[in-house]
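Colleague: Please find one structure pasted underneath; my questions will follow.
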2 protein chains.
Amino acid sequence: MVETDKKRDTIIEGAIKRFIHYGINKTTMNEIAEDLSVSKPSLYYYFPDKNSLVLGVIDKIFSDYFELIEKENAAIVLLGDKLLSFIEIGHRFFQKYYMLHLSGGSPDSSLNSEELRSHFMKMKEKNKQFHAGLFQEAINNGEIAEADAEKTADLYLDSLAGISSLCILHGNKELFPSKKEFKTMLEKQINLSRIFVKGLK
Amino acid sequence: MVETDKKRDTIIEGAIKRFIHYGINKTTMNEIAEDLSVSKPSLYYYFPDKNSLVLGVIDKIFSDYFELIEKENAAIVLLGDKLLSFIEIGHRFFQKYYMLHLSGGSPDSSLNSEELRSHFMKMKEKNKQFHAGLFQEAINNGEIAEADAEKTADLYLDSLAGISSLCILHGNKELFPSKKEFKTMLEKQINLSRIFVKGLK
DNA sequence: TTTTGACCCTTGAAATAAAAAAGTCAAAAA
DNA sequence: TTTTTGACTTTTTTATTTCAAGGGTCAAAA
């Protein structure tokens with residue numbers, strides 16, 4: 001039913017708006033319903049529980065992310081340039097959805113059910129496979145030296161994610177990192193990416 | 001007074017034994033005293049408070065660490081080999097003193113006072129300066145390309161620390177990471193170090 | 001088929017009480 | 001005089017209780 005799917009999307013977008021400002025756990029189903037001017041049971045008509053709604057939100061965010069990087073991927077030739085572009089895309093998502101704590105290698109306490117955690121890890125895995133594909137391509141091109149593409153992607157992404165998680169911990173323990181911290185983080189990731197790609201040649 | 005210093009060292013070593021097994025916060029001054037067969041006020045005769053004792057412990061651990069890496073440093077020629085050797089030393093310390101949570105870029109909740117945190121950060125800074133020295137040396141040798149040695153050291157150490165903090169979060173949320181997790185972490189750090197150094201050439 | 005007001009039950013935050021640990025001191029021992 | 005201690009006080013942590021808030025349901029209405 002296309003109408004039902006549209007309603008679902010509307011609810012997901014409403015939920016995202018709240019989640020961005022207050023995080024998942026501090027957003028109630030009532031608040032989401034009120035924002036959309038419907039009653040709580042209406043929400044439950046479209047989503048069996050809060051978990052399913054959060055799942056829908058995560059799915060939406062990641063599918064937006066993958067759409068963007070796949071589009072960029074088609075427009076760029078060199079591995080190093082691709083990775084730099086993806087870092088900036090990732091960074092935009094990281095900032096925008098910071099309150100959902102979807103970054104940092106592993107899911108944090110926001111994702112309280114096993115179902116959510118495993119779905120999140122699936123998205124991370126998909127990202128890894130995508131990057132592995134890039135590395136493999138570059139190997140075939142002769143752009144970088146022979147290597148295990150999957151292991152390389154894993155190491156590369158872990159290094160980048162490690163940088164972010166450190167920068168967050170490092171800085172002031174505020175709810176939200178400062179603009180400066182975000183910028184430092186981005187710069188470090190870019191520098192690391194450059195060195196990393198050069199090191200693969 | 002050399003006798004007093006000896007007593008202080010004995011107490012520090014006793015404290016370390018407890019800290020290694022139960023962490024800083026779950027070790028009481030009473031337990032340390034009992035282990036050493038003295039009374040609690042004796043401890044307070046040598047250390048004004050628990051913080052000072054923890055400070056002594058951190059100092060001891062880091063001075064052991066620096067002693068080891070400086071000795072290795074003198075015996076190795078190439079930058080890449082030095083870094084690999086230091087990773088293994090760091091790894092041994094990381095495992096041994098895991099319960100003190102001294103690794104991971106920034107001090108965690110174990111270090112509850114501002115004094116301890118800042119001292120810990122000073123040690124990290126010293127490590128960074130040491131590594132910056134190595135990079136500068138390698139630049140002067142022509143072993144790696146011209147670059148900002150300090151920034152490079154910062155990025156290098158953050159990348160390594162990021163890897164560890166991710167591996168810890170990633171794995172089972174047990175009190176103590178498994179042998180396998182430690183091994184994976186070490187391998188990733190070594191691989192990253194190799195690629196990083198190559199990328200600096 | 002979709003929406004809702006009224007309801008139930010579980011969970012989590014706030015408040016409080018109890019326990020444990022940090023830290024002190026006067027006096028004894030070395 | 002320096003070092004050690006038992007007994008004590010104060011602070012911090014942990015456990016327990018209470019209670020409101022939020023997740024989830026249902027019969028009835030639109």
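Letters A, B, ... go to the chains of the structure tokens in the order shown; residues in each chain start at 1; ligands are counted from 1 in the same order.
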Set out as JSON lines a contact list for chain B and chain A with a cut-off of 7 Å, giving each residue of chain B that qualifies its closest atom pair and distance in Å to one decimal, counting only C-alpha atoms, ordered by chain and rising residue number.

Modeller:
```
{"residue": "B:Gly105", "atom": "CA", "partner": "A:Leu166", "partner_atom": "CA", "distance": 6.0}
{"residue": "B:Ser106", "atom": "CA", "partner": "A:His170", "partner_atom": "CA", "distance": 5.4}
{"residue": "B:Leu155", "atom": "CA", "partner": "A:Lys188", "partner_atom": "CA", "distance": 6.5}
{"residue": "B:Asp158", "atom": "CA", "partner": "A:Ile163", "partner_atom": "CA", "distance": 6.3}
{"residue": "B:Ser159", "atom": "CA", "partner": "A:Ser159", "partner_atom": "CA", "distance": 5.6}
{"residue": "B:Gly162", "atom": "CA", "partner": "A:Gly162", "partner_atom": "CA", "distance": 3.6}
{"residue": "B:Ile163", "atom": "CA", "partner": "A:Gly162", "partner_atom": "CA", "distance": 5.3}
{"residue": "B:Ser165", "atom": "CA", "partner": "A:Gly162", "partner_atom": "CA", "distance": 6.9}
{"residue": "B:Leu166", "atom": "CA", "partner": "A:Gly162", "partner_atom": "CA", "distance": 5.9}
{"residue": "B:Leu169", "atom": "CA", "partner": "A:Ser106", "partner_atom": "CA", "distance": 6.4}
{"residue": "B:His170", "atom": "CA", "partner": "A:Ser106", "partner_atom": "CA", "distance": 5.4}
{"residue": "B:Lys188", "atom": "CA", "partner": "A:Leu155", "partner_atom": "CA", "distance": 6.5}
{"residue": "B:Ile195", "atom": "CA", "partner": "A:Gly199", "partner_atom": "CA", "distance": 4.6}
{"residue": "B:Phe196", "atom": "CA", "partner": "A:Phe196", "partner_atom": "CA", "distance": 5.7}
{"residue": "B:Lys198", "atom": "CA", "partner": "A:Gly199", "partner_atom": "CA", "distance": 4.5}
{"residue": "B:Gly199", "atom": "CA", "partner": "A:Gly199", "partner_atom": "CA", "distance": 3.5}
{"residue": "B:Leu200", "atom": "CA", "partner": "A:Ile195", "partner_atom": "CA", "distance": 6.3}
```

Colleague: For DC7 in chain C, please output as a PyMOL selection string all residues within 12 Å (counting only C-alpha atoms (C1' of nucleotides); exclusion window: fewer than 3 positions along the same chain).

Modeller: chain D and resi 24-27

Colleague: Only N, CA and C atoms (P, O5', C5', C4', C3', O3' and C1' of nucleotides), please: the residues just picked out, written as a PDB file, in the first residue's frame.

Modeller:
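Result file follows (part.pdb):
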```
ATOM      1  P    DG D  24       7.338  -0.151  23.122  1.00  0.00           P
ATOM      2  O5'  DG D  24       5.817  -0.575  23.365  1.00  0.00           O
ATOM      3  C5'  DG D  24       5.546  -1.545  24.387  1.00  0.00           C
ATOM      4  C4'  DG D  24       4.059  -1.647  24.589  1.00  0.00           C
ATOM      5  C3'  DG D  24       3.203  -1.943  23.345  1.00  0.00           C
ATOM      6  O3'  DG D  24       2.594  -3.217  23.523  1.00  0.00           O
ATOM      7  C1'  DG D  24       2.197  -0.318  24.756  1.00  0.00           C
ATOM      8  P    DT D  25       1.579  -3.805  22.472  1.00  0.00           P
ATOM      9  O5'  DT D  25       0.152  -3.530  23.137  1.00  0.00           O
ATOM     10  C5'  DT D  25      -0.120  -4.068  24.435  1.00  0.00           C
ATOM     11  C4'  DT D  25      -1.574  -3.864  24.780  1.00  0.00           C
ATOM     12  C3'  DT D  25      -2.586  -4.327  23.740  1.00  0.00           C
ATOM     13  O3'  DT D  25      -3.536  -5.166  24.388  1.00  0.00           O
ATOM     14  C1'  DT D  25      -3.058  -2.081  24.366  1.00  0.00           C
ATOM     15  P    DC D  26      -4.487  -6.097  23.526  1.00  0.00           P
ATOM     16  O5'  DC D  26      -5.875  -5.311  23.630  1.00  0.00           O
ATOM     17  C5'  DC D  26      -6.280  -4.755  24.885  1.00  0.00           C
ATOM     18  C4'  DC D  26      -7.559  -3.955  24.701  1.00  0.00           C
ATOM     19  C3'  DC D  26      -8.411  -4.400  23.516  1.00  0.00           C
ATOM     20  O3'  DC D  26      -9.776  -4.429  23.882  1.00  0.00           O
ATOM     21  C1'  DC D  26      -7.964  -2.097  23.346  1.00  0.00           C
ATOM     22  P    DA D  27     -10.819  -5.416  23.139  1.00  0.00           P
ATOM     23  O5'  DA D  27     -12.174  -4.690  23.516  1.00  0.00           O
ATOM     24  C5'  DA D  27     -12.256  -3.863  24.692  1.00  0.00           C
ATOM     25  C4'  DA D  27     -13.016  -2.588  24.368  1.00  0.00           C
ATOM     26  C3'  DA D  27     -14.208  -2.784  23.441  1.00  0.00           C
ATOM     27  O3'  DA D  27     -15.278  -1.946  23.892  1.00  0.00           O
ATOM     28  C1'  DA D  27     -12.680  -1.259  22.448  1.00  0.00           C
TER      29       DA D  27
END
```

Colleague: Identify every residue of chain A that has at least one atom within 9 Å of any atom of chain D, counting only C-alpha atoms (C1' of nucleotides), and report the result as a list in words.

Modeller: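 Matching residues, ligands excluded from the count: Thr28, Met29, Asn30, Pro41, Tyr44, Asp49 and Lys50 of chain A.
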
Colleague: Restricting the output to C-alpha atoms, write the selected residues as a short mmCIF file (atom, residue, chain, number, x, y, z; two decimals), in the first residue's frame.

Modeller:
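Result file is again-v3.cif:
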```
data_model
loop_
_atom_site.label_atom_id
_atom_site.label_comp_id
_atom_site.auth_asym_id
_atom_site.auth_seq_id
_atom_site.Cartn_x
_atom_site.Cartn_y
_atom_site.Cartn_z
CA THR A 28 8.85 9.90 23.54
CA MET A 29 6.29 8.38 21.25
CA ASN A 30 3.85 10.97 22.56
CA PRO A 41 -2.13 4.72 18.82
CA TYR A 44 1.42 2.15 16.75
CA ASP A 49 6.79 -0.61 18.69
CA LYS A 50 9.39 2.11 19.20
#
```

Colleague: Check chain A with DSSP on the backbone and list each residue it calls alpha helix (DSSP H), as a PyMOL selection string.

Modeller: chain A and resi 2-22+29-35+40-46+50-75+79-96+114-141+149-170+179-199

Colleague: Grab the residues selected above and save them as a compact mmCIF listing (two decimals), in the first residue's frame with C-alpha atoms.

Modeller:
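Saved to out22.txt:
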```
# COMPACT_ATOMS: atom_id res chain seq x y z
CA VAL A 2 1.58 3.17 -1.20
CA GLU A 3 -0.47 5.37 1.13
CA THR A 4 0.66 3.41 4.16
CA ASP A 5 4.29 3.71 3.09
CA LYS A 6 3.88 7.46 2.74
CA LYS A 7 2.49 7.71 6.26
CA ARG A 8 5.34 5.61 7.53
CA ASP A 9 7.84 7.94 5.89
CA THR A 10 6.13 10.98 7.40
CA ILE A 11 6.38 9.44 10.84
CA ILE A 12 10.03 8.53 10.30
CA GLU A 13 10.83 12.08 9.28
CA GLY A 14 9.02 13.46 12.31
CA ALA A 15 10.92 11.08 14.54
CA ILE A 16 14.24 12.10 12.99
CA LYS A 17 13.55 15.76 13.74
CA ARG A 18 13.10 14.97 17.43
CA PHE A 19 15.98 12.49 17.54
CA ILE A 20 18.38 15.04 16.08
CA HIS A 21 17.69 17.48 18.92
CA TYR A 22 17.14 15.23 21.91
CA MET A 29 6.29 8.38 21.25
CA ASN A 30 3.85 10.97 22.56
CA GLU A 31 6.10 13.81 21.46
CA ILE A 32 6.48 12.38 17.98
CA ALA A 33 2.72 11.95 17.76
CA GLU A 34 2.07 15.50 18.97
CA ASP A 35 4.54 16.93 16.44
CA LYS A 40 -0.10 7.77 19.89
CA PRO A 41 -2.13 4.72 18.82
CA SER A 42 -1.88 6.02 15.25
CA LEU A 43 1.88 5.66 15.47
CA TYR A 44 1.42 2.15 16.75
CA TYR A 45 -0.82 1.39 13.83
CA TYR A 46 2.14 1.96 11.50
CA LYS A 50 9.39 2.11 19.20
CA ASN A 51 12.18 -0.20 18.12
CA SER A 52 10.63 -0.65 14.70
CA LEU A 53 10.37 3.09 14.31
CA VAL A 54 14.02 3.58 15.30
CA LEU A 55 14.90 0.81 12.88
CA GLY A 56 13.10 2.69 10.14
CA VAL A 57 14.98 5.84 11.08
CA ILE A 58 18.35 4.14 10.94
CA ASP A 59 17.45 2.56 7.63
CA LYS A 60 16.48 5.91 6.20
CA ILE A 61 19.64 7.65 7.35
CA PHE A 62 21.90 4.93 6.04
CA SER A 63 20.09 4.65 2.72
CA ASP A 64 20.49 8.42 2.28
CA TYR A 65 24.17 7.99 3.09
CA PHE A 66 24.71 5.14 0.65
CA GLU A 67 22.79 6.94 -2.05
CA LEU A 68 25.08 9.94 -1.69
CA ILE A 69 28.35 8.04 -1.69
CA GLU A 70 27.28 5.86 -4.61
CA LYS A 71 26.48 8.97 -6.60
CA GLU A 72 29.86 10.51 -5.75
CA ASN A 73 31.58 7.23 -6.50
CA ALA A 74 30.35 7.27 -10.06
CA ALA A 75 31.70 10.78 -10.60
CA LEU A 79 40.73 6.06 -5.06
CA GLY A 80 42.26 8.83 -2.94
CA ASP A 81 39.77 11.37 -4.24
CA LYS A 82 36.87 9.04 -3.67
CA LEU A 83 37.84 8.39 -0.08
CA LEU A 84 38.29 12.09 0.64
CA SER A 85 34.87 12.80 -0.76
CA PHE A 86 33.32 10.03 1.33
CA ILE A 87 34.98 11.37 4.46
CA GLU A 88 33.28 14.71 3.92
CA ILE A 89 29.94 13.04 3.33
CA GLY A 90 30.40 10.91 6.43
CA HIS A 91 31.36 13.99 8.36
CA ARG A 92 28.18 15.81 7.38
CA PHE A 93 26.12 12.84 8.49
CA PHE A 94 28.13 12.52 11.68
CA GLN A 95 27.44 16.12 12.61
CA LYS A 96 23.80 16.12 11.59
CA GLU A 114 19.81 -6.49 20.21
CA GLU A 115 17.76 -6.10 17.05
CA LEU A 116 18.84 -2.48 16.60
CA ARG A 117 22.45 -3.22 17.36
CA SER A 118 22.62 -6.00 14.82
CA HIS A 119 20.92 -3.87 12.19
CA PHE A 120 23.38 -1.09 12.84
CA MET A 121 26.27 -3.51 12.50
CA LYS A 122 24.80 -4.71 9.22
CA MET A 123 24.93 -1.14 7.89
CA LYS A 124 28.54 -0.83 9.03
CA GLU A 125 29.30 -4.11 7.29
CA LYS A 126 27.69 -2.86 4.09
CA ASN A 127 29.86 0.23 4.26
CA LYS A 128 32.91 -1.95 4.74
CA GLN A 129 32.01 -4.10 1.75
CA PHE A 130 31.51 -1.00 -0.34
CA HIS A 131 34.92 0.31 0.62
CA ALA A 132 36.48 -3.10 0.05
CA GLY A 133 35.08 -2.91 -3.46
CA LEU A 134 36.85 0.41 -3.99
CA PHE A 135 40.14 -0.93 -2.75
CA GLN A 136 39.81 -4.02 -4.93
CA GLU A 137 39.10 -1.84 -7.94
CA ALA A 138 42.18 0.26 -7.22
CA ILE A 139 44.25 -2.90 -6.90
CA ASN A 140 42.99 -4.14 -10.26
CA ASN A 141 43.76 -0.73 -11.77
CA ALA A 149 40.95 -5.55 -0.04
CA GLU A 150 38.55 -6.49 2.75
CA LYS A 151 41.16 -6.38 5.48
CA THR A 152 42.42 -3.09 4.12
CA ALA A 153 38.92 -1.59 4.15
CA ASP A 154 38.40 -2.81 7.69
CA LEU A 155 41.64 -1.25 8.86
CA TYR A 156 40.96 1.96 7.01
CA LEU A 157 37.46 2.42 8.40
CA ASP A 158 38.50 1.45 11.92
CA SER A 159 41.27 4.03 11.82
CA LEU A 160 38.87 6.75 10.75
CA ALA A 161 36.21 5.73 13.26
CA GLY A 162 38.87 5.53 15.96
CA ILE A 163 39.87 9.11 15.24
CA SER A 164 36.30 10.32 15.70
CA SER A 165 35.65 8.40 18.87
CA LEU A 166 38.90 9.75 20.35
CA CYS A 167 38.15 13.33 19.36
CA ILE A 168 34.77 13.12 21.03
CA LEU A 169 36.12 11.69 24.27
CA HIS A 170 39.06 14.05 24.18
CA LYS A 179 32.47 23.27 15.85
CA LYS A 180 36.20 23.32 16.46
CA GLU A 181 36.28 19.70 17.58
CA PHE A 182 34.35 18.62 14.52
CA LYS A 183 36.79 20.52 12.33
CA THR A 184 39.87 19.02 14.00
CA MET A 185 38.38 15.60 13.56
CA LEU A 186 37.68 16.11 9.89
CA GLU A 187 41.21 17.40 9.29
CA LYS A 188 42.75 14.42 11.02
CA GLN A 189 40.64 12.00 9.05
CA ILE A 190 41.62 13.69 5.80
CA ASN A 191 45.31 13.67 6.68
CA LEU A 192 45.18 10.05 7.72
CA SER A 193 43.34 9.07 4.56
CA ARG A 194 45.98 10.76 2.40
CA ILE A 195 48.85 9.04 4.18
CA PHE A 196 47.00 5.72 4.19
CA VAL A 197 46.34 5.71 0.44
CA LYS A 198 49.91 6.74 -0.27
CA GLY A 199 51.08 3.91 1.96
```

Colleague: Report as CSV: every residue of chain C with an atom at most 10 Å from chain B, its closest pair of atoms, and their distance in Å to one decimal, counting only C-alpha atoms (C1' of nucleotides), with rows sorted by chain and ascending residue number.

Modeller:
```
residue,atom,partner,partner_atom,distance
C:DA20,C1',B:Thr28,CA,9.6
C:DA21,C1',B:Thr28,CA,6.8
C:DA22,C1',B:Met29,CA,8.0
C:DG23,C1',B:Asp49,CA,7.6
C:DT24,C1',B:Pro41,CA,8.8
```

Colleague: If I take CA of Ser37 in chain A and C1' of DT2 in chain C, how far is one from the other in Å, to one decimal?

Modeller: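 Those two atoms sit 14.6 Å apart.
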
Colleague: Go ahead and compute the interatomic distance for C1' of DA26 in chain C and CA of Ser39 in chain B, in Å to one decimal.

Modeller: 15.9 Å

Colleague: So how far away is CA of His101 in chain A from C1' of DA13 in chain C, in Å?

Modeller: 22.1 Å
